[in-house]
Amino acid sequence: MSVEEIKRGIASLSAAERGEVTAYLFHLRHAADSEYQDRITSRLADTDPTHWLTPEEFERRLNEK
């Protein structure tokens with residue numbers, strides 16, 4: 001299967017299915033990156049509420065970029 005065939009296949013997916021593909025590609029990109037994994041582990045272990053964002057604040061910041 002060529003990259004062009006994969007692209008055409010992805011283009012024919014629903015928005016939800018494309019979201020799954022996006023998440024999977026993100027996973028593949030970072031799966032072997034130990035530095036990234038360490039950062040994520042550290043963030044998940046952070047119990048200081050002053051470091052947390054509400055879902056609304058997260059969306060607001062995301063939309064600024």
# chains A, B, ... in the order shown; residues from 1 in each chain; ligands from 1
call {"tool": "select_by_dssp", "arguments": {"residues": "chain A", "states": "alpha helix (DSSP H)", "output": "PDB file with N, CA and C atoms, in the first residue's frame"}}
result
ATOM      1  N   VAL A   3       1.693   5.453   0.257  1.00  0.00           N
ATOM      2  CA  VAL A   3       1.298   6.568   1.124  1.00  0.00           C
ATOM      3  C   VAL A   3       0.091   7.279   0.525  1.00  0.00           C
ATOM      4  N   GLU A   4       0.056   7.418  -0.785  1.00  0.00           N
ATOM      5  CA  GLU A   4      -1.091   8.071  -1.432  1.00  0.00           C
ATOM      6  C   GLU A   4      -2.379   7.283  -1.208  1.00  0.00           C
ATOM      7  N   GLU A   5      -2.300   5.960  -1.245  1.00  0.00           N
ATOM      8  CA  GLU A   5      -3.482   5.134  -0.978  1.00  0.00           C
ATOM      9  C   GLU A   5      -3.931   5.305   0.465  1.00  0.00           C
ATOM     10  N   ILE A   6      -2.985   5.373   1.366  1.00  0.00           N
ATOM     11  CA  ILE A   6      -3.310   5.585   2.782  1.00  0.00           C
ATOM     12  C   ILE A   6      -3.984   6.942   2.954  1.00  0.00           C
ATOM     13  N   LYS A   7      -3.446   7.976   2.315  1.00  0.00           N
ATOM     14  CA  LYS A   7      -4.038   9.316   2.412  1.00  0.00           C
ATOM     15  C   LYS A   7      -5.466   9.323   1.888  1.00  0.00           C
ATOM     16  N   ARG A   8      -5.693   8.691   0.745  1.00  0.00           N
ATOM     17  CA  ARG A   8      -7.053   8.630   0.189  1.00  0.00           C
ATOM     18  C   ARG A   8      -7.983   7.882   1.141  1.00  0.00           C
ATOM     19  N   GLY A   9      -7.486   6.805   1.725  1.00  0.00           N
ATOM     20  CA  GLY A   9      -8.289   6.054   2.683  1.00  0.00           C
ATOM     21  C   GLY A   9      -8.654   6.887   3.896  1.00  0.00           C
ATOM     22  N   ILE A  10      -7.696   7.616   4.404  1.00  0.00           N
ATOM     23  CA  ILE A  10      -7.946   8.476   5.568  1.00  0.00           C
ATOM     24  C   ILE A  10      -8.927   9.576   5.218  1.00  0.00           C
ATOM     25  N   ALA A  11      -8.799  10.153   4.025  1.00  0.00           N
ATOM     26  CA  ALA A  11      -9.702  11.225   3.604  1.00  0.00           C
ATOM     27  C   ALA A  11     -11.154  10.745   3.536  1.00  0.00           C
ATOM     28  N   ALA A  15     -15.183  11.978  10.604  1.00  0.00           N
ATOM     29  CA  ALA A  15     -14.398  12.843  11.488  1.00  0.00           C
ATOM     30  C   ALA A  15     -13.933  12.067  12.728  1.00  0.00           C
ATOM     31  N   ALA A  16     -14.791  11.239  13.277  1.00  0.00           N
ATOM     32  CA  ALA A  16     -14.419  10.467  14.469  1.00  0.00           C
ATOM     33  C   ALA A  16     -13.305   9.473  14.144  1.00  0.00           C
ATOM     34  N   GLU A  17     -13.406   8.832  12.992  1.00  0.00           N
ATOM     35  CA  GLU A  17     -12.365   7.881  12.596  1.00  0.00           C
ATOM     36  C   GLU A  17     -11.046   8.592  12.321  1.00  0.00           C
ATOM     37  N   ARG A  18     -11.097   9.780  11.711  1.00  0.00           N
ATOM     38  CA  ARG A  18      -9.864  10.550  11.488  1.00  0.00           C
ATOM     39  C   ARG A  18      -9.249  10.952  12.816  1.00  0.00           C
ATOM     40  N   GLY A  19     -10.085  11.245  13.805  1.00  0.00           N
ATOM     41  CA  GLY A  19      -9.574  11.545  15.142  1.00  0.00           C
ATOM     42  C   GLY A  19      -8.831  10.364  15.731  1.00  0.00           C
ATOM     43  N   GLU A  20      -9.352   9.162  15.513  1.00  0.00           N
ATOM     44  CA  GLU A  20      -8.669   7.955  15.994  1.00  0.00           C
ATOM     45  C   GLU A  20      -7.319   7.781  15.300  1.00  0.00           C
ATOM     46  N   VAL A  21      -7.281   8.035  14.003  1.00  0.00           N
ATOM     47  CA  VAL A  21      -6.024   7.930  13.255  1.00  0.00           C
ATOM     48  C   VAL A  21      -5.027   8.960  13.774  1.00  0.00           C
ATOM     49  N   THR A  22      -5.496  10.163  14.010  1.00  0.00           N
ATOM     50  CA  THR A  22      -4.630  11.215  14.540  1.00  0.00           C
ATOM     51  C   THR A  22      -4.033  10.799  15.879  1.00  0.00           C
ATOM     52  N   ALA A  23      -4.869  10.286  16.763  1.00  0.00           N
ATOM     53  CA  ALA A  23      -4.386   9.845  18.081  1.00  0.00           C
ATOM     54  C   ALA A  23      -3.379   8.711  17.941  1.00  0.00           C
ATOM     55  N   TYR A  24      -3.642   7.803  17.012  1.00  0.00           N
ATOM     56  CA  TYR A  24      -2.730   6.679  16.799  1.00  0.00           C
ATOM     57  C   TYR A  24      -1.379   7.167  16.270  1.00  0.00           C
ATOM     58  N   LEU A  25      -1.395   8.082  15.325  1.00  0.00           N
ATOM     59  CA  LEU A  25      -0.138   8.617  14.792  1.00  0.00           C
ATOM     60  C   LEU A  25       0.633   9.375  15.868  1.00  0.00           C
ATOM     61  N   PHE A  26      -0.077  10.117  16.713  1.00  0.00           N
ATOM     62  CA  PHE A  26       0.560  10.816  17.829  1.00  0.00           C
ATOM     63  C   PHE A  26       1.224   9.799  18.749  1.00  0.00           C
ATOM     64  N   HIS A  27       0.502   8.721  19.038  1.00  0.00           N
ATOM     65  CA  HIS A  27       1.054   7.651  19.882  1.00  0.00           C
ATOM     66  C   HIS A  27       2.329   7.068  19.266  1.00  0.00           C
ATOM     67  N   LEU A  28       2.280   6.753  17.987  1.00  0.00           N
ATOM     68  CA  LEU A  28       3.449   6.184  17.321  1.00  0.00           C
ATOM     69  C   LEU A  28       4.635   7.141  17.356  1.00  0.00           C
ATOM     70  N   ARG A  29       4.352   8.430  17.172  1.00  0.00           N
ATOM     71  CA  ARG A  29       5.417   9.432  17.148  1.00  0.00           C
ATOM     72  C   ARG A  29       6.167   9.480  18.475  1.00  0.00           C
ATOM     73  N   HIS A  30       5.449   9.301  19.573  1.00  0.00           N
ATOM     74  CA  HIS A  30       6.055   9.487  20.895  1.00  0.00           C
ATOM     75  C   HIS A  30       6.332   8.183  21.651  1.00  0.00           C
ATOM     76  N   SER A  34      11.752   8.339  25.114  1.00  0.00           N
ATOM     77  CA  SER A  34      11.775   8.191  26.576  1.00  0.00           C
ATOM     78  C   SER A  34      11.690   9.544  27.283  1.00  0.00           C
ATOM     79  N   GLU A  35      12.241  10.593  26.705  1.00  0.00           N
ATOM     80  CA  GLU A  35      12.155  11.922  27.318  1.00  0.00           C
ATOM     81  C   GLU A  35      10.696  12.384  27.380  1.00  0.00           C
ATOM     82  N   TYR A  36       9.975  12.186  26.308  1.00  0.00           N
ATOM     83  CA  TYR A  36       8.552  12.541  26.288  1.00  0.00           C
ATOM     84  C   TYR A  36       7.786  11.717  27.318  1.00  0.00           C
ATOM     85  N   GLN A  37       8.065  10.428  27.367  1.00  0.00           N
ATOM     86  CA  GLN A  37       7.396   9.566  28.330  1.00  0.00           C
ATOM     87  C   GLN A  37       7.675  10.007  29.765  1.00  0.00           C
ATOM     88  N   ASP A  38       8.894  10.419  30.049  1.00  0.00           N
ATOM     89  CA  ASP A  38       9.250  10.912  31.387  1.00  0.00           C
ATOM     90  C   ASP A  38       8.470  12.178  31.730  1.00  0.00           C
ATOM     91  N   ARG A  39       8.352  13.095  30.757  1.00  0.00           N
ATOM     92  CA  ARG A  39       7.601  14.333  30.999  1.00  0.00           C
ATOM     93  C   ARG A  39       6.133  14.027  31.297  1.00  0.00           C
ATOM     94  N   ILE A  40       5.556  13.130  30.540  1.00  0.00           N
ATOM     95  CA  ILE A  40       4.151  12.773  30.747  1.00  0.00           C
ATOM     96  C   ILE A  40       3.963  12.107  32.111  1.00  0.00           C
ATOM     97  N   THR A  41       4.854  11.210  32.468  1.00  0.00           N
ATOM     98  CA  THR A  41       4.777  10.540  33.773  1.00  0.00           C
ATOM     99  C   THR A  41       4.846  11.567  34.893  1.00  0.00           C
ATOM    100  N   SER A  42       5.732  12.531  34.758  1.00  0.00           N
ATOM    101  CA  SER A  42       5.877  13.577  35.765  1.00  0.00           C
ATOM    102  C   SER A  42       4.603  14.419  35.860  1.00  0.00           C
ATOM    103  N   ARG A  43       4.049  14.779  34.732  1.00  0.00           N
ATOM    104  CA  ARG A  43       2.827  15.589  34.742  1.00  0.00           C
ATOM    105  C   ARG A  43       1.652  14.838  35.356  1.00  0.00           C
ATOM    106  N   LEU A  44       1.546  13.565  35.038  1.00  0.00           N
ATOM    107  CA  LEU A  44       0.442  12.778  35.592  1.00  0.00           C
ATOM    108  C   LEU A  44       0.578  12.585  37.101  1.00  0.00           C
ATOM    109  N   ALA A  45       1.794  12.621  37.606  1.00  0.00           N
ATOM    110  CA  ALA A  45       2.022  12.446  39.038  1.00  0.00           C
ATOM    111  C   ALA A  45       1.882  13.757  39.813  1.00  0.00           C
ATOM    112  N   PRO A  55     -11.066  22.349  32.075  1.00  0.00           N
ATOM    113  CA  PRO A  55     -11.278  22.038  30.653  1.00  0.00           C
ATOM    114  C   PRO A  55     -11.520  23.293  29.815  1.00  0.00           C
ATOM    115  N   GLU A  56     -12.219  24.266  30.384  1.00  0.00           N
ATOM    116  CA  GLU A  56     -12.498  25.506  29.653  1.00  0.00           C
ATOM    117  C   GLU A  56     -11.216  26.301  29.388  1.00  0.00           C
ATOM    118  N   GLU A  57     -10.344  26.379  30.383  1.00  0.00           N
ATOM    119  CA  GLU A  57      -9.077  27.092  30.211  1.00  0.00           C
ATOM    120  C   GLU A  57      -8.191  26.378  29.199  1.00  0.00           C
ATOM    121  N   PHE A  58      -8.195  25.062  29.251  1.00  0.00           N
ATOM    122  CA  PHE A  58      -7.427  24.293  28.283  1.00  0.00           C
ATOM    123  C   PHE A  58      -7.903  24.594  26.862  1.00  0.00           C
ATOM    124  N   GLU A  59      -9.206  24.559  26.644  1.00  0.00           N
ATOM    125  CA  GLU A  59      -9.764  24.847  25.321  1.00  0.00           C
ATOM    126  C   GLU A  59      -9.429  26.265  24.879  1.00  0.00           C
ATOM    127  N   ARG A  60      -9.528  27.217  25.804  1.00  0.00           N
ATOM    128  CA  ARG A  60      -9.217  28.603  25.465  1.00  0.00           C
ATOM    129  C   ARG A  60      -7.774  28.731  25.001  1.00  0.00           C
ATOM    130  N   ARG A  61      -6.850  28.137  25.752  1.00  0.00           N
ATOM    131  CA  ARG A  61      -5.433  28.205  25.376  1.00  0.00           C
ATOM    132  C   ARG A  61      -5.157  27.470  24.065  1.00  0.00           C
ATOM    133  N   LEU A  62      -5.804  26.349  23.883  1.00  0.00           N
ATOM    134  CA  LEU A  62      -5.638  25.589  22.664  1.00  0.00           C
ATOM    135  C   LEU A  62      -6.095  26.396  21.455  1.00  0.00           C
ATOM    136  N   ASN A  63      -7.181  27.104  21.600  1.00  0.00           N
ATOM    137  CA  ASN A  63      -7.718  27.905  20.499  1.00  0.00           C
ATOM    138  C   ASN A  63      -6.881  29.142  20.192  1.00  0.00           C
ATOM    139  N   GLU A  64      -6.044  29.564  21.126  1.00  0.00           N
ATOM    140  CA  GLU A  64      -5.162  30.716  20.899  1.00  0.00           C
ATOM    141  C   GLU A  64      -4.029  30.383  19.946  1.00  0.00           C
TER     142      GLU A  64
END
call {"tool": "decode", "arguments": {"residues": "range 9-36 of chain A", "atoms": "N, CA, C and O atoms", "output": "short mmCIF file (atom, residue, chain, number, x, y, z; two decimals), in the first residue's frame"}}
result
data_model
loop_
_atom_site.label_atom_id
_atom_site.label_comp_id
_atom_site.auth_asym_id
_atom_site.auth_seq_id
_atom_site.Cartn_x
_atom_site.Cartn_y
_atom_site.Cartn_z
N GLY A 9 -7.49 6.80 1.72
CA GLY A 9 -8.29 6.05 2.68
C GLY A 9 -8.65 6.89 3.90
O GLY A 9 -9.80 6.88 4.34
N ILE A 10 -7.70 7.62 4.40
CA ILE A 10 -7.95 8.48 5.57
C ILE A 10 -8.93 9.58 5.22
O ILE A 10 -9.82 9.90 6.00
N ALA A 11 -8.80 10.15 4.03
CA ALA A 11 -9.70 11.22 3.60
C ALA A 11 -11.15 10.75 3.54
O ALA A 11 -12.08 11.54 3.72
N SER A 12 -11.36 9.46 3.32
CA SER A 12 -12.73 8.93 3.20
C SER A 12 -13.34 8.58 4.56
O SER A 12 -14.52 8.22 4.62
N LEU A 13 -12.58 8.69 5.62
CA LEU A 13 -13.07 8.34 6.96
C LEU A 13 -13.97 9.43 7.52
O LEU A 13 -13.89 10.60 7.12
N SER A 14 -14.78 9.07 8.49
CA SER A 14 -15.58 10.05 9.22
C SER A 14 -14.66 10.89 10.11
O SER A 14 -13.50 10.52 10.35
N ALA A 15 -15.18 11.98 10.60
CA ALA A 15 -14.40 12.84 11.49
C ALA A 15 -13.93 12.07 12.73
O ALA A 15 -12.79 12.22 13.16
N ALA A 16 -14.79 11.24 13.28
CA ALA A 16 -14.42 10.47 14.47
C ALA A 16 -13.31 9.47 14.14
O ALA A 16 -12.36 9.32 14.92
N GLU A 17 -13.41 8.83 12.99
CA GLU A 17 -12.37 7.88 12.60
C GLU A 17 -11.05 8.59 12.32
O GLU A 17 -9.98 8.09 12.68
N ARG A 18 -11.10 9.78 11.71
CA ARG A 18 -9.86 10.55 11.49
C ARG A 18 -9.25 10.95 12.82
O ARG A 18 -8.03 10.98 12.97
N GLY A 19 -10.09 11.25 13.81
CA GLY A 19 -9.57 11.55 15.14
C GLY A 19 -8.83 10.36 15.73
O GLY A 19 -7.79 10.53 16.37
N GLU A 20 -9.35 9.16 15.51
CA GLU A 20 -8.67 7.96 15.99
C GLU A 20 -7.32 7.78 15.30
O GLU A 20 -6.33 7.42 15.94
N VAL A 21 -7.28 8.04 14.00
CA VAL A 21 -6.02 7.93 13.26
C VAL A 21 -5.03 8.96 13.77
O VAL A 21 -3.85 8.65 13.98
N THR A 22 -5.50 10.16 14.01
CA THR A 22 -4.63 11.22 14.54
C THR A 22 -4.03 10.80 15.88
O THR A 22 -2.83 10.94 16.11
N ALA A 23 -4.87 10.29 16.76
CA ALA A 23 -4.39 9.84 18.08
C ALA A 23 -3.38 8.71 17.94
O ALA A 23 -2.36 8.68 18.64
N TYR A 24 -3.64 7.80 17.01
CA TYR A 24 -2.73 6.68 16.80
C TYR A 24 -1.38 7.17 16.27
O TYR A 24 -0.33 6.72 16.73
N LEU A 25 -1.40 8.08 15.32
CA LEU A 25 -0.14 8.62 14.79
C LEU A 25 0.63 9.38 15.87
O LEU A 25 1.86 9.29 15.94
N PHE A 26 -0.08 10.12 16.71
CA PHE A 26 0.56 10.82 17.83
C PHE A 26 1.22 9.80 18.75
O PHE A 26 2.38 9.98 19.16
N HIS A 27 0.50 8.72 19.04
CA HIS A 27 1.05 7.65 19.88
C HIS A 27 2.33 7.07 19.27
O HIS A 27 3.35 6.91 19.95
N LEU A 28 2.28 6.75 17.99
CA LEU A 28 3.45 6.18 17.32
C LEU A 28 4.64 7.14 17.36
O LEU A 28 5.77 6.73 17.55
N ARG A 29 4.35 8.43 17.17
CA ARG A 29 5.42 9.43 17.15
C ARG A 29 6.17 9.48 18.47
O ARG A 29 7.37 9.69 18.51
N HIS A 30 5.45 9.30 19.57
CA HIS A 30 6.05 9.49 20.89
C HIS A 30 6.33 8.18 21.65
O HIS A 30 6.93 8.22 22.73
N ALA A 31 5.93 7.06 21.12
CA ALA A 31 6.05 5.78 21.85
C ALA A 31 7.49 5.44 22.22
O ALA A 31 7.74 4.90 23.30
N ALA A 32 8.43 5.75 21.36
CA ALA A 32 9.83 5.39 21.62
C ALA A 32 10.65 6.54 22.18
O ALA A 32 11.86 6.42 22.37
N ASP A 33 10.00 7.65 22.48
CA ASP A 33 10.70 8.84 22.97
C ASP A 33 10.68 8.83 24.50
O ASP A 33 9.71 9.25 25.13
N SER A 34 11.75 8.34 25.11
CA SER A 34 11.78 8.19 26.58
C SER A 34 11.69 9.54 27.28
O SER A 34 11.11 9.64 28.37
N GLU A 35 12.24 10.59 26.70
CA GLU A 35 12.16 11.92 27.32
C GLU A 35 10.70 12.38 27.38
O GLU A 35 10.24 12.91 28.39
N TYR A 36 9.97 12.19 26.31
CA TYR A 36 8.55 12.54 26.29
C TYR A 36 7.79 11.72 27.32
O TYR A 36 6.97 12.25 28.06
#
